[in-house]
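Pasted below: my_file_35.cif, mmCIF, C-alpha atoms.
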```cif
data_coords
#
loop_
_atom_site.label_atom_id
_atom_site.label_comp_id
_atom_site.auth_asym_id
_atom_site.auth_seq_id
_atom_site.Cartn_x
_atom_site.Cartn_y
_atom_site.Cartn_z
CA MET B 153 -34.20 -60.66 94.34
CA THR B 154 -35.04 -62.50 91.17
CA ARG B 155 -38.39 -61.71 89.63
CA ARG B 156 -39.10 -65.44 89.51
CA GLU B 157 -38.88 -65.77 93.31
CA LEU B 158 -41.15 -62.79 93.89
CA ASP B 159 -43.63 -64.01 91.30
CA ALA B 160 -43.63 -67.48 92.85
CA ALA B 161 -44.36 -65.94 96.24
CA ALA B 162 -47.24 -63.89 94.75
CA ILE B 163 -45.59 -60.64 95.83
CA THR B 164 -46.79 -58.14 93.25
CA ASP B 165 -46.79 -54.75 94.99
CA PRO B 166 -43.75 -52.73 93.76
CA VAL B 167 -42.98 -51.40 97.25
CA LEU B 168 -43.04 -54.90 98.69
CA ARG B 169 -40.92 -56.27 95.86
CA ALA B 170 -38.28 -53.62 96.52
CA ALA B 171 -38.40 -54.36 100.26
CA PHE B 172 -37.89 -58.09 99.79
CA ASP B 173 -35.09 -57.43 97.32
CA ARG B 174 -33.34 -55.34 99.98
CA CYS B 175 -33.54 -58.29 102.38
CA ARG B 176 -32.16 -60.70 99.81
CA ARG B 177 -29.15 -58.46 99.21
CA LEU B 178 -28.48 -58.31 102.96
CA ASN B 179 -28.58 -62.09 103.16
CA ALA B 180 -26.32 -62.53 100.15
CA ARG B 181 -23.77 -60.04 101.50
CA HIS B 182 -23.59 -61.14 105.12
CA GLY B 183 -25.08 -64.63 105.51
CA LYS B 184 -22.79 -66.74 103.35
CA THR B 185 -23.74 -70.16 104.77
CA TYR B 186 -27.32 -69.14 105.45
CA PHE B 187 -27.78 -67.69 101.96
CA LEU B 188 -26.36 -70.78 100.28
CA ALA B 189 -28.79 -73.00 102.18
CA THR B 190 -31.70 -70.67 101.35
CA ARG B 191 -31.00 -71.17 97.64
CA LEU B 192 -32.13 -74.78 98.12
CA LEU B 193 -35.65 -73.78 99.11
CA PRO B 194 -38.50 -73.52 96.61
CA GLY B 195 -38.47 -70.03 95.13
CA SER B 196 -41.85 -69.19 96.68
CA ARG B 197 -40.40 -69.51 100.20
CA ARG B 198 -37.10 -67.72 99.75
CA PRO B 199 -38.41 -64.16 100.08
CA ALA B 200 -39.81 -64.89 103.55
CA VAL B 201 -36.51 -66.37 104.71
CA HIS B 202 -34.62 -63.37 103.36
CA ALA B 203 -37.00 -61.07 105.23
CA LEU B 204 -36.47 -62.88 108.54
CA TYR B 205 -32.71 -62.79 108.03
CA GLY B 206 -32.81 -59.14 107.00
CA PHE B 207 -34.68 -58.09 110.13
CA ALA B 208 -32.28 -60.00 112.39
CA ARG B 209 -29.36 -58.42 110.56
CA LEU B 210 -30.84 -54.94 110.84
CA ALA B 211 -31.15 -55.22 114.63
CA ASP B 212 -27.75 -56.88 114.98
CA ASP B 213 -26.07 -54.08 113.04
CA ILE B 214 -27.57 -51.52 115.41
CA VAL B 215 -26.23 -53.40 118.43
CA ASP B 216 -22.79 -53.93 116.91
CA ASP B 217 -22.38 -50.39 115.59
CA LEU B 218 -18.92 -49.64 116.96
CA ALA B 219 -18.96 -46.11 115.56
CA ALA B 220 -20.49 -45.07 118.89
CA PRO B 221 -19.17 -47.68 121.35
CA ARG B 222 -19.70 -45.42 124.37
CA ALA B 223 -23.27 -44.51 123.52
CA PRO B 224 -25.44 -47.58 124.24
CA GLY B 225 -28.32 -45.18 124.92
CA ASP B 226 -28.25 -44.06 121.29
CA ARG B 227 -28.31 -47.65 120.08
CA GLY B 228 -31.02 -48.46 122.61
CA GLN B 229 -33.16 -45.69 121.17
CA ARG B 230 -32.58 -47.00 117.67
CA LEU B 231 -33.76 -50.44 118.81
CA ARG B 232 -36.86 -48.88 120.40
CA ASP B 233 -37.55 -47.04 117.17
CA LEU B 234 -37.16 -50.30 115.26
CA SER B 235 -39.60 -52.03 117.62
CA GLN B 236 -42.16 -49.25 117.21
CA ASP B 237 -41.77 -49.35 113.45
CA LEU B 238 -42.29 -53.13 113.46
CA HIS B 239 -45.40 -52.95 115.62
CA ALA B 240 -46.88 -50.23 113.42
CA ALA B 241 -46.21 -52.28 110.29
CA MET B 242 -47.67 -55.43 111.83
CA ASP B 243 -50.79 -53.46 112.70
CA GLY B 244 -51.21 -52.66 109.02
CA GLY B 245 -49.32 -49.39 108.72
CA PRO B 246 -46.45 -48.72 106.33
CA GLY B 247 -43.01 -49.64 107.63
CA CYS B 248 -40.49 -46.81 107.76
CA HIS B 249 -37.70 -49.22 106.81
CA PRO B 250 -38.06 -51.57 103.82
CA VAL B 251 -36.78 -54.53 105.85
CA VAL B 252 -39.54 -53.91 108.40
CA THR B 253 -42.10 -53.77 105.60
CA ALA B 254 -40.92 -57.16 104.32
CA VAL B 255 -40.79 -58.89 107.69
CA ALA B 256 -44.23 -57.60 108.73
CA HIS B 257 -45.66 -59.00 105.48
CA THR B 258 -43.92 -62.31 106.20
CA ALA B 259 -45.23 -62.48 109.77
CA HIS B 260 -48.75 -61.83 108.52
CA ARG B 261 -48.60 -64.33 105.69
CA TYR B 262 -47.15 -67.18 107.76
CA ARG B 263 -48.95 -66.29 111.00
CA ILE B 264 -45.69 -65.93 112.93
CA PRO B 265 -46.49 -64.80 116.49
CA HIS B 266 -45.44 -61.22 117.17
CA ARG B 267 -43.96 -62.21 120.53
CA TYR B 268 -41.11 -63.95 118.73
CA PHE B 269 -39.95 -60.61 117.38
CA ASP B 270 -40.40 -58.93 120.76
CA ASP B 271 -38.29 -61.67 122.40
CA PHE B 272 -35.64 -61.22 119.74
CA LEU B 273 -35.42 -57.47 120.30
CA THR B 274 -35.26 -58.00 124.08
CA SER B 275 -32.12 -60.09 123.62
CA MET B 276 -30.66 -57.51 121.25
CA ARG B 277 -31.18 -54.79 123.88
CA SER B 278 -29.41 -56.91 126.47
CA ASP B 279 -26.30 -56.89 124.27
CA LEU B 280 -25.98 -53.18 125.03
CA THR B 281 -25.40 -53.78 128.74
CA VAL B 282 -24.66 -57.46 129.37
CA THR B 283 -21.10 -58.47 128.54
CA ASP B 284 -20.88 -62.06 129.82
CA TYR B 285 -22.89 -65.00 131.15
CA GLY B 286 -22.07 -66.95 134.27
CA THR B 287 -23.76 -70.21 133.34
CA LEU B 288 -25.21 -72.04 130.37
CA GLU B 289 -28.66 -71.52 131.87
CA ALA B 290 -28.12 -67.76 131.85
CA LEU B 291 -26.81 -67.88 128.28
CA ARG B 292 -29.81 -69.91 127.15
CA GLY B 293 -32.07 -67.19 128.53
CA TYR B 294 -30.35 -64.82 126.11
CA MET B 295 -30.35 -67.37 123.28
CA HIS B 296 -34.08 -67.92 123.57
CA GLY B 297 -34.57 -64.48 122.01
CA SER B 298 -31.46 -64.30 119.88
CA ALA B 299 -31.51 -67.80 118.37
CA ALA B 300 -34.31 -70.14 119.46
CA VAL B 301 -37.05 -67.80 118.28
CA ILE B 302 -35.32 -67.55 114.89
CA GLY B 303 -35.88 -71.28 114.49
CA LEU B 304 -39.48 -70.83 115.61
CA GLN B 305 -40.01 -67.99 113.11
CA MET B 306 -38.64 -70.18 110.34
CA LEU B 307 -40.80 -73.21 111.12
CA PRO B 308 -44.06 -72.07 109.45
CA VAL B 309 -42.12 -70.84 106.42
CA LEU B 310 -40.36 -74.17 105.98
CA GLY B 311 -43.51 -76.14 106.69
CA HIS B 312 -43.76 -79.21 108.91
CA THR B 313 -45.35 -82.63 108.71
CA ALA B 314 -45.49 -83.13 112.48
CA PRO B 315 -47.73 -80.96 114.69
CA ARG B 316 -46.20 -77.55 115.22
CA ASP B 317 -45.90 -78.01 119.00
CA GLU B 318 -43.99 -81.23 118.42
CA ALA B 319 -41.59 -79.76 115.86
CA ALA B 320 -40.99 -76.46 117.69
CA PRO B 321 -38.47 -77.66 120.34
CA TYR B 322 -36.24 -79.12 117.62
CA ALA B 323 -36.37 -75.89 115.61
CA ALA B 324 -35.43 -73.93 118.73
CA ALA B 325 -32.54 -76.29 119.53
CA LEU B 326 -31.18 -75.91 116.00
CA GLY B 327 -31.22 -72.12 116.35
CA GLU B 328 -29.24 -72.46 119.57
CA ALA B 329 -26.76 -74.87 117.95
CA PHE B 330 -26.12 -72.41 115.12
CA GLN B 331 -25.59 -69.54 117.54
CA LEU B 332 -23.25 -71.49 119.81
CA THR B 333 -21.25 -72.34 116.70
CA ASN B 334 -20.97 -68.64 115.90
CA PHE B 335 -19.91 -67.87 119.48
CA ILE B 336 -17.06 -70.39 119.23
CA ARG B 337 -15.96 -69.11 115.82
CA ASP B 338 -16.15 -65.42 116.83
CA VAL B 339 -14.49 -65.38 120.26
CA GLY B 340 -11.91 -62.79 119.20
CA GLU B 341 -14.36 -60.52 117.41
CA ASP B 342 -16.72 -60.63 120.37
CA LEU B 343 -13.87 -59.70 122.72
CA ASP B 344 -13.30 -56.62 120.57
CA ARG B 345 -16.93 -55.69 121.35
CA ASP B 346 -16.31 -56.31 125.08
CA ARG B 347 -18.40 -59.48 125.07
CA VAL B 348 -17.74 -63.05 126.15
CA TYR B 349 -20.67 -65.25 125.24
CA LEU B 350 -19.30 -68.64 126.27
CA PRO B 351 -20.47 -69.37 129.83
CA ALA B 352 -17.99 -68.38 132.54
CA ASP B 353 -18.38 -71.68 134.40
CA LEU B 354 -17.58 -73.67 131.25
CA LEU B 355 -14.44 -71.59 130.69
CA ALA B 356 -13.45 -71.73 134.36
CA ALA B 357 -13.51 -75.54 134.29
CA ASP B 358 -10.34 -75.30 132.19
CA GLY B 359 -8.87 -72.33 134.05
CA VAL B 360 -9.98 -69.67 131.55
CA ASP B 361 -11.43 -66.27 132.38
CA ARG B 362 -11.98 -62.99 130.57
CA GLU B 363 -8.54 -61.69 131.46
CA LEU B 364 -6.80 -64.70 129.95
CA LEU B 365 -8.85 -64.37 126.77
CA LEU B 366 -8.01 -60.65 126.52
CA TRP B 367 -4.32 -61.37 127.11
CA SER B 368 -4.34 -63.96 124.34
CA ARG B 369 -6.17 -61.63 121.97
CA ARG B 370 -3.85 -58.73 122.74
CA THR B 371 -0.57 -60.62 122.50
CA GLY B 372 -1.47 -63.14 119.82
CA ARG B 373 -0.14 -65.90 122.04
CA ARG B 374 -1.82 -69.27 122.48
CA ASP B 375 -2.70 -70.98 125.75
CA ARG B 376 -3.57 -74.64 126.20
CA ARG B 377 -6.28 -73.79 128.71
CA ILE B 378 -8.14 -71.78 126.07
CA THR B 379 -7.78 -74.62 123.58
CA ARG B 380 -9.26 -77.08 126.06
CA ALA B 381 -12.12 -74.73 126.93
CA LEU B 382 -13.04 -74.17 123.28
CA ARG B 383 -12.90 -77.90 122.65
CA SER B 384 -15.33 -78.39 125.53
CA ALA B 385 -17.60 -75.67 124.12
CA ALA B 386 -17.57 -77.44 120.75
CA ALA B 387 -18.56 -80.73 122.40
CA LEU B 388 -21.42 -78.95 124.14
CA THR B 389 -22.55 -77.46 120.84
CA ARG B 390 -22.50 -80.88 119.17
CA ARG B 391 -25.00 -82.02 121.79
CA PHE B 392 -27.35 -79.25 120.71
CA TYR B 393 -27.04 -80.44 117.11
CA ALA B 394 -27.87 -83.97 118.27
CA GLN B 395 -30.95 -82.67 120.08
CA ALA B 396 -32.08 -80.80 116.96
CA ALA B 397 -31.46 -83.60 114.44
CA PRO B 398 -34.76 -85.50 114.83
CA GLY B 399 -36.61 -82.33 113.84
CA LEU B 400 -35.19 -82.39 110.31
CA ASP B 401 -37.52 -85.21 109.31
CA MET B 402 -40.49 -83.27 110.72
CA LEU B 403 -40.10 -80.60 108.04
CA GLU B 404 -41.88 -80.69 104.70
CA PRO B 405 -39.79 -82.75 102.24
CA VAL B 406 -39.13 -79.79 99.92
CA SER B 407 -37.57 -77.85 102.82
CA ARG B 408 -35.43 -80.61 104.27
CA PRO B 409 -32.51 -80.24 101.83
CA CYS B 410 -32.15 -76.56 102.77
CA VAL B 411 -32.09 -77.20 106.50
CA ARG B 412 -29.91 -80.29 106.21
CA THR B 413 -27.42 -78.25 104.21
CA ALA B 414 -27.34 -75.55 106.89
CA PHE B 415 -27.09 -78.27 109.55
CA VAL B 416 -24.04 -79.80 107.87
CA LEU B 417 -22.32 -76.54 106.97
CA TYR B 418 -22.67 -75.01 110.42
CA GLY B 419 -21.32 -78.23 111.88
CA ASP B 420 -18.43 -77.91 109.44
CA ILE B 421 -17.60 -74.56 111.06
CA LEU B 422 -16.83 -76.45 114.26
CA ASP B 423 -14.60 -78.78 112.23
CA ALA B 424 -12.82 -75.76 110.73
CA VAL B 425 -12.22 -74.31 114.20
CA ALA B 426 -10.77 -77.66 115.29
CA ARG B 427 -8.49 -77.82 112.23
CA ASP B 428 -7.21 -74.34 113.09
CA GLY B 429 -6.30 -75.55 116.56
CA TYR B 430 -9.17 -73.73 118.32
CA ALA B 431 -7.46 -70.43 117.58
CA SER B 432 -10.69 -68.42 117.29
CA VAL B 433 -9.41 -65.90 119.83
CA HIS B 434 -7.06 -64.82 117.04
CA ARG B 435 -8.77 -65.56 113.75
CA ARG B 436 -12.07 -66.58 112.25
CA SER B 437 -12.23 -70.08 110.82
CA ALA B 438 -14.08 -70.70 107.57
CA VAL B 439 -15.44 -73.69 105.68
CA PRO B 440 -13.59 -74.09 102.34
CA LEU B 441 -15.56 -73.10 99.25
CA THR B 442 -15.07 -76.56 97.75
CA ARG B 443 -16.70 -78.15 100.79
CA ARG B 444 -19.63 -75.71 100.68
CA ALA B 445 -20.13 -76.48 96.99
CA ALA B 446 -20.07 -80.23 97.61
CA VAL B 447 -22.66 -80.00 100.40
CA ALA B 448 -24.85 -77.76 98.23
CA ALA B 449 -24.65 -80.29 95.40
CA THR B 450 -25.88 -83.00 97.77
CA GLY B 451 -28.73 -80.70 98.72
CA LEU B 452 -29.66 -80.22 95.08
CA ALA B 453 -29.80 -84.00 94.59
CA ARG B 454 -32.13 -84.29 97.58
CA ILE B 455 -34.34 -81.54 96.16
CA ALA B 456 -34.67 -83.41 92.88
CA ALA B 457 -35.67 -86.57 94.74
CA ALA B 458 -38.16 -84.68 96.92
CA ARG B 459 -39.82 -83.04 93.92
CA LEU B 460 -40.13 -86.34 92.07
CA THR B 461 -41.98 -87.91 94.99
CA ALA B 462 -44.02 -84.88 96.10
CA PRO B 463 -47.70 -84.88 95.09
CA ALA B 464 -48.73 -82.11 92.72
CA VAL B 465 -50.55 -79.22 94.39
CA PRO B 466 -52.62 -76.86 92.25
CA ALA B 467 -51.40 -73.28 92.29
CA ALA B 468 -54.73 -72.05 93.63
CA ALA B 469 -54.46 -74.38 96.62
CA ARG B 470 -50.89 -73.30 97.33
CA LEU B 471 -51.92 -69.67 97.46
CA SER B 472 -55.26 -70.06 99.18
CA ALA B 473 -53.84 -69.15 102.59
CA VAL B 474 -51.83 -66.21 101.27
CA GLU B 475 -53.34 -62.87 101.97
CA GLU B 476 -51.90 -59.45 101.30
CA PRO B 477 -51.69 -57.51 104.58
CA PRO B 478 -53.43 -54.13 104.83
CA ARG B 479 -51.14 -51.31 103.80
#
```

For this file, produce the structure as structure tokens.
Amino acid sequence: MTRRELDAAAITDPVLRAAFDRCRRLNARHGKTYFLATRLLPGSRRPAVHALYGFARLADDIVDDLAAPRAPGDRGQRLRDLSQDLHAAMDGGPGCHPVVTAVAHTAHRYRIPHRYFDDFLTSMRSDLTVTDYGTLEALRGYMHGSAAVIGLQMLPVLGHTAPRDEAAPYAAALGEAFQLTNFIRDVGEDLDRDRVYLPADLLAADGVDRELLLWSRRTGRRDRRITRALRSAAALTRRFYAQAAPGLDMLEPVSRPCVRTAFVLYGDILDAVARDGYASVHRRSAVPLTRRAAVAATGLARIAAARLTAPAVPAAARLSAVEEPPR
């Protein structure tokens, strides 16, 4: 993490600085779209976003550790250990893992409710035993912890001009839209982990089931029924984006370019899947680098406009609510 970002966030403790830097490197390595959008935030807010991403990535890597695919109990214990470490750190103790140290500091600083992290870890534990979802309602129960609460965690970091209770449903819907996009893009990779996230009833409407998906993955052959089902899933996901869109204008102006950029780029993933013929059973679609650069440039222009119109806030006022957690 750049010294400028850490200084802007008033993070001075060397242990904390190293912890936040670890999170930033995780985001840069794994969260290509997410990291690009984060670069459009004011430097003072980036460390917190990196910490939230880093914690989610840490738990996700435990769940998706295929080195021990037949030992969900081992991974379950690692998740329990992670939960205990997080609770200890949030109670003021030192985190055993640097990512936990960073995210506990972030939760304290931005008053993020601890239950959001508990809900997230509950969904991560379900990935060890649940391999499919019969309905969208059932999937949304999972996505509450795995995606909606991520949007809710982000909301106080981004800042909001509308009351928090009013902005929260839109933040949650955007988290769900992003995750549904990932599910559509990663059908093949999820099959390799013995998971089918797209609801069974949505797939069945076009004559698709797990066996057909596995056959297509194994043989490399296409099937029109799968194409139709993925097209329907993309249309469903677009509706989640539409539900989330009004919330963009409820964010603080300096944060809107970041979230709008993520909003556009994640939507572009659906476009990329469509251009590839909805072949995500076989390969992962990607947004071209030129497109990502163009969207980022638009975000930068919006940042410049937002900063020109934003009222000046004295540094002391900006930091008045920031408090170092007990260590």

Can you list, as a PDB file with C-alpha atoms, in the coordinates of the input, the residues that the PyMOL selection byres ((chain B and resi 354-364) around 12) selects here?
```
ATOM      1  CA  THR B 283     -21.100 -58.470 128.540  1.00  0.00           C
ATOM      2  CA  ASP B 284     -20.880 -62.060 129.820  1.00  0.00           C
ATOM      3  CA  TYR B 285     -22.890 -65.000 131.150  1.00  0.00           C
ATOM      4  CA  GLY B 286     -22.070 -66.950 134.270  1.00  0.00           C
ATOM      5  CA  THR B 287     -23.760 -70.210 133.340  1.00  0.00           C
ATOM      6  CA  LEU B 288     -25.210 -72.040 130.370  1.00  0.00           C
ATOM      7  CA  GLU B 289     -28.660 -71.520 131.870  1.00  0.00           C
ATOM      8  CA  LEU B 291     -26.810 -67.880 128.280  1.00  0.00           C
ATOM      9  CA  ILE B 336     -17.060 -70.390 119.230  1.00  0.00           C
ATOM     10  CA  VAL B 339     -14.490 -65.380 120.260  1.00  0.00           C
ATOM     11  CA  GLY B 340     -11.910 -62.790 119.200  1.00  0.00           C
ATOM     12  CA  ASP B 342     -16.720 -60.630 120.370  1.00  0.00           C
ATOM     13  CA  LEU B 343     -13.870 -59.700 122.720  1.00  0.00           C
ATOM     14  CA  ASP B 344     -13.300 -56.620 120.570  1.00  0.00           C
ATOM     15  CA  ASP B 346     -16.310 -56.310 125.080  1.00  0.00           C
ATOM     16  CA  ARG B 347     -18.400 -59.480 125.070  1.00  0.00           C
ATOM     17  CA  VAL B 348     -17.740 -63.050 126.150  1.00  0.00           C
ATOM     18  CA  TYR B 349     -20.670 -65.250 125.240  1.00  0.00           C
ATOM     19  CA  LEU B 350     -19.300 -68.640 126.270  1.00  0.00           C
ATOM     20  CA  PRO B 351     -20.470 -69.370 129.830  1.00  0.00           C
ATOM     21  CA  ALA B 352     -17.990 -68.380 132.540  1.00  0.00           C
ATOM     22  CA  ASP B 353     -18.380 -71.680 134.400  1.00  0.00           C
ATOM     23  CA  LEU B 365      -8.850 -64.370 126.770  1.00  0.00           C
ATOM     24  CA  LEU B 366      -8.010 -60.650 126.520  1.00  0.00           C
ATOM     25  CA  TRP B 367      -4.320 -61.370 127.110  1.00  0.00           C
ATOM     26  CA  SER B 368      -4.340 -63.960 124.340  1.00  0.00           C
ATOM     27  CA  ARG B 369      -6.170 -61.630 121.970  1.00  0.00           C
ATOM     28  CA  ARG B 370      -3.850 -58.730 122.740  1.00  0.00           C
ATOM     29  CA  THR B 371      -0.570 -60.620 122.500  1.00  0.00           C
ATOM     30  CA  GLY B 372      -1.470 -63.140 119.820  1.00  0.00           C
ATOM     31  CA  ARG B 373      -0.140 -65.900 122.040  1.00  0.00           C
ATOM     32  CA  ARG B 374      -1.820 -69.270 122.480  1.00  0.00           C
ATOM     33  CA  ASP B 375      -2.700 -70.980 125.750  1.00  0.00           C
ATOM     34  CA  ARG B 376      -3.570 -74.640 126.200  1.00  0.00           C
ATOM     35  CA  ARG B 377      -6.280 -73.790 128.710  1.00  0.00           C
ATOM     36  CA  ILE B 378      -8.140 -71.780 126.070  1.00  0.00           C
ATOM     37  CA  THR B 379      -7.780 -74.620 123.580  1.00  0.00           C
ATOM     38  CA  ARG B 380      -9.260 -77.080 126.060  1.00  0.00           C
ATOM     39  CA  ALA B 381     -12.120 -74.730 126.930  1.00  0.00           C
ATOM     40  CA  LEU B 382     -13.040 -74.170 123.280  1.00  0.00           C
ATOM     41  CA  ARG B 383     -12.900 -77.900 122.650  1.00  0.00           C
ATOM     42  CA  SER B 384     -15.330 -78.390 125.530  1.00  0.00           C
ATOM     43  CA  ALA B 385     -17.600 -75.670 124.120  1.00  0.00           C
ATOM     44  CA  ALA B 386     -17.570 -77.440 120.750  1.00  0.00           C
ATOM     45  CA  ALA B 387     -18.560 -80.730 122.400  1.00  0.00           C
ATOM     46  CA  LEU B 388     -21.420 -78.950 124.140  1.00  0.00           C
ATOM     47  CA  VAL B 433      -9.410 -65.900 119.830  1.00  0.00           C
TER      48      VAL B 433
END
```

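Pairwise distance (CA of Arg435 in chain B, CA of Thr333 in chain B) equals 14.5 Å.
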
Worksheet entry | Residues matched by the PyMOL selection byres ((chain B and resi 311) around 12), written as a PyMOL selection string | chain B and resi 193-194+197+262+303-310+312-316+319-320+323+399-408+411

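Closest approach to Thr274 in chain B among B:Pro250, B:Gly228, B:Gly244, B:Pro398 is made by B:Gly228 (distances from all atoms listed in the file).
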
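Once Ala449 in chain B and its same-chain neighbours fewer than 2 positions away are set aside, Leu188, Ala189, Arg191, Leu192, Pro409, Cys410, Thr413, Thr442, Arg443, Arg444, Ala445, Ala446, Val447, Gly451, Leu452, Ala453, Arg454, Ile455 and Ala456 of chain B remain within 12 Å of it when counting all atoms listed in the file.
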
Item to complete: Report as a PyMOL selection string the residues that result from applying the PyMOL selection byres ((chain B and resi 437) around 12) to the structure here.
Response: chain B and resi 333-341+418+420-436+438-440

Worksheet item: How many Å separate CA of Asp173 in chain B from CA of Leu210 in chain B?
Response: 14.4 Å

Take every atom of range 170-180 of chain B listed in the file, pad by 4 Å on each side, and give me the axis-aligned box centre and edge lengths in Å, one decimal, as lines of an AutoDock Vina configuration file.
```
center_x = -32.4
center_y = -58.1
center_z = 99.8
size_x = 20.1
size_y = 16.9
size_z = 14.6
```

Fill in: 8 Å contact set for Ala161 in chain B, all atoms listed in the file, chain neighbours under 6 positions out, as a PyMOL selection string
chain B and resi 195-197+199

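Minimum atom-to-atom distance to Arg174 in chain B, evaluated using only C-alpha atoms, belongs to B:His249 out of B:His249, B:Arg230, B:Arg391, B:Arg155.
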
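CA of Leu273 in chain B is found 21.0 Å from CA of Arg176 in chain B.
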
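In terms of minimum interatomic distance to Ala160 in chain B, B:Ala200 ranks closest within B:Arg177, B:Ala200, B:Lys184, B:Asp216, counting only C-alpha atoms.
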
Can you sort out range 361-379 of chain B so it carries N, CA and C atoms, written as a JSON list (two decimals), in the coordinates of the input?
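Result saved to selection25.json:
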```json
[["chain", "number", "residue", "atom", "x", "y", "z"],
["B", 361, "ASP", "N", -10.54, -67.37, 132.04],
["B", 361, "ASP", "CA", -11.43, -66.27, 132.38],
["B", 361, "ASP", "C", -11.26, -65.17, 131.34],
["B", 362, "ARG", "N", -12.02, -64.09, 131.52],
["B", 362, "ARG", "CA", -11.98, -62.99, 130.57],
["B", 362, "ARG", "C", -10.56, -62.42, 130.42],
["B", 363, "GLU", "N", -9.87, -62.28, 131.51],
["B", 363, "GLU", "CA", -8.54, -61.69, 131.46],
["B", 363, "GLU", "C", -7.57, -62.53, 130.63],
["B", 364, "LEU", "N", -7.67, -63.84, 130.76],
["B", 364, "LEU", "CA", -6.80, -64.70, 129.95],
["B", 364, "LEU", "C", -7.15, -64.58, 128.48],
["B", 365, "LEU", "N", -8.44, -64.53, 128.17],
["B", 365, "LEU", "CA", -8.85, -64.37, 126.77],
["B", 365, "LEU", "C", -8.35, -63.04, 126.21],
["B", 366, "LEU", "N", -8.48, -61.96, 126.98],
["B", 366, "LEU", "CA", -8.01, -60.65, 126.52],
["B", 366, "LEU", "C", -6.50, -60.64, 126.34],
["B", 367, "TRP", "N", -5.79, -61.28, 127.25],
["B", 367, "TRP", "CA", -4.32, -61.37, 127.11],
["B", 367, "TRP", "C", -3.96, -62.09, 125.82],
["B", 368, "SER", "N", -4.63, -63.20, 125.55],
["B", 368, "SER", "CA", -4.34, -63.96, 124.34],
["B", 368, "SER", "C", -4.67, -63.17, 123.09],
["B", 369, "ARG", "N", -5.78, -62.46, 123.12],
["B", 369, "ARG", "CA", -6.17, -61.63, 121.97],
["B", 369, "ARG", "C", -5.17, -60.50, 121.76],
["B", 370, "ARG", "N", -4.74, -59.89, 122.84],
["B", 370, "ARG", "CA", -3.85, -58.73, 122.74],
["B", 370, "ARG", "C", -2.46, -59.12, 122.29],
["B", 371, "THR", "N", -1.96, -60.23, 122.79],
["B", 371, "THR", "CA", -0.57, -60.62, 122.50],
["B", 371, "THR", "C", -0.44, -61.53, 121.30],
["B", 372, "GLY", "N", -1.55, -62.17, 120.90],
["B", 372, "GLY", "CA", -1.47, -63.14, 119.82],
["B", 372, "GLY", "C", -0.90, -64.47, 120.25],
["B", 373, "ARG", "N", -0.74, -64.66, 121.54],
["B", 373, "ARG", "CA", -0.14, -65.90, 122.04],
["B", 373, "ARG", "C", -1.22, -66.91, 122.39],
["B", 374, "ARG", "N", -0.89, -68.17, 122.21],
["B", 374, "ARG", "CA", -1.82, -69.27, 122.48],
["B", 374, "ARG", "C", -1.68, -69.72, 123.93],
["B", 375, "ASP", "N", -2.73, -70.42, 124.41],
["B", 375, "ASP", "CA", -2.70, -70.98, 125.75],
["B", 375, "ASP", "C", -3.50, -72.28, 125.73],
["B", 376, "ARG", "N", -2.92, -73.33, 126.25],
["B", 376, "ARG", "CA", -3.57, -74.64, 126.20],
["B", 376, "ARG", "C", -4.90, -74.65, 126.94],
["B", 377, "ARG", "N", -5.02, -73.83, 127.97],
["B", 377, "ARG", "CA", -6.28, -73.79, 128.71],
["B", 377, "ARG", "C", -7.41, -73.28, 127.82],
["B", 378, "ILE", "N", -7.11, -72.30, 126.99],
["B", 378, "ILE", "CA", -8.14, -71.78, 126.07],
["B", 378, "ILE", "C", -8.50, -72.84, 125.05],
["B", 379, "THR", "N", -7.52, -73.55, 124.54],
["B", 379, "THR", "CA", -7.78, -74.62, 123.58],
["B", 379, "THR", "C", -8.70, -75.66, 124.17]]
```
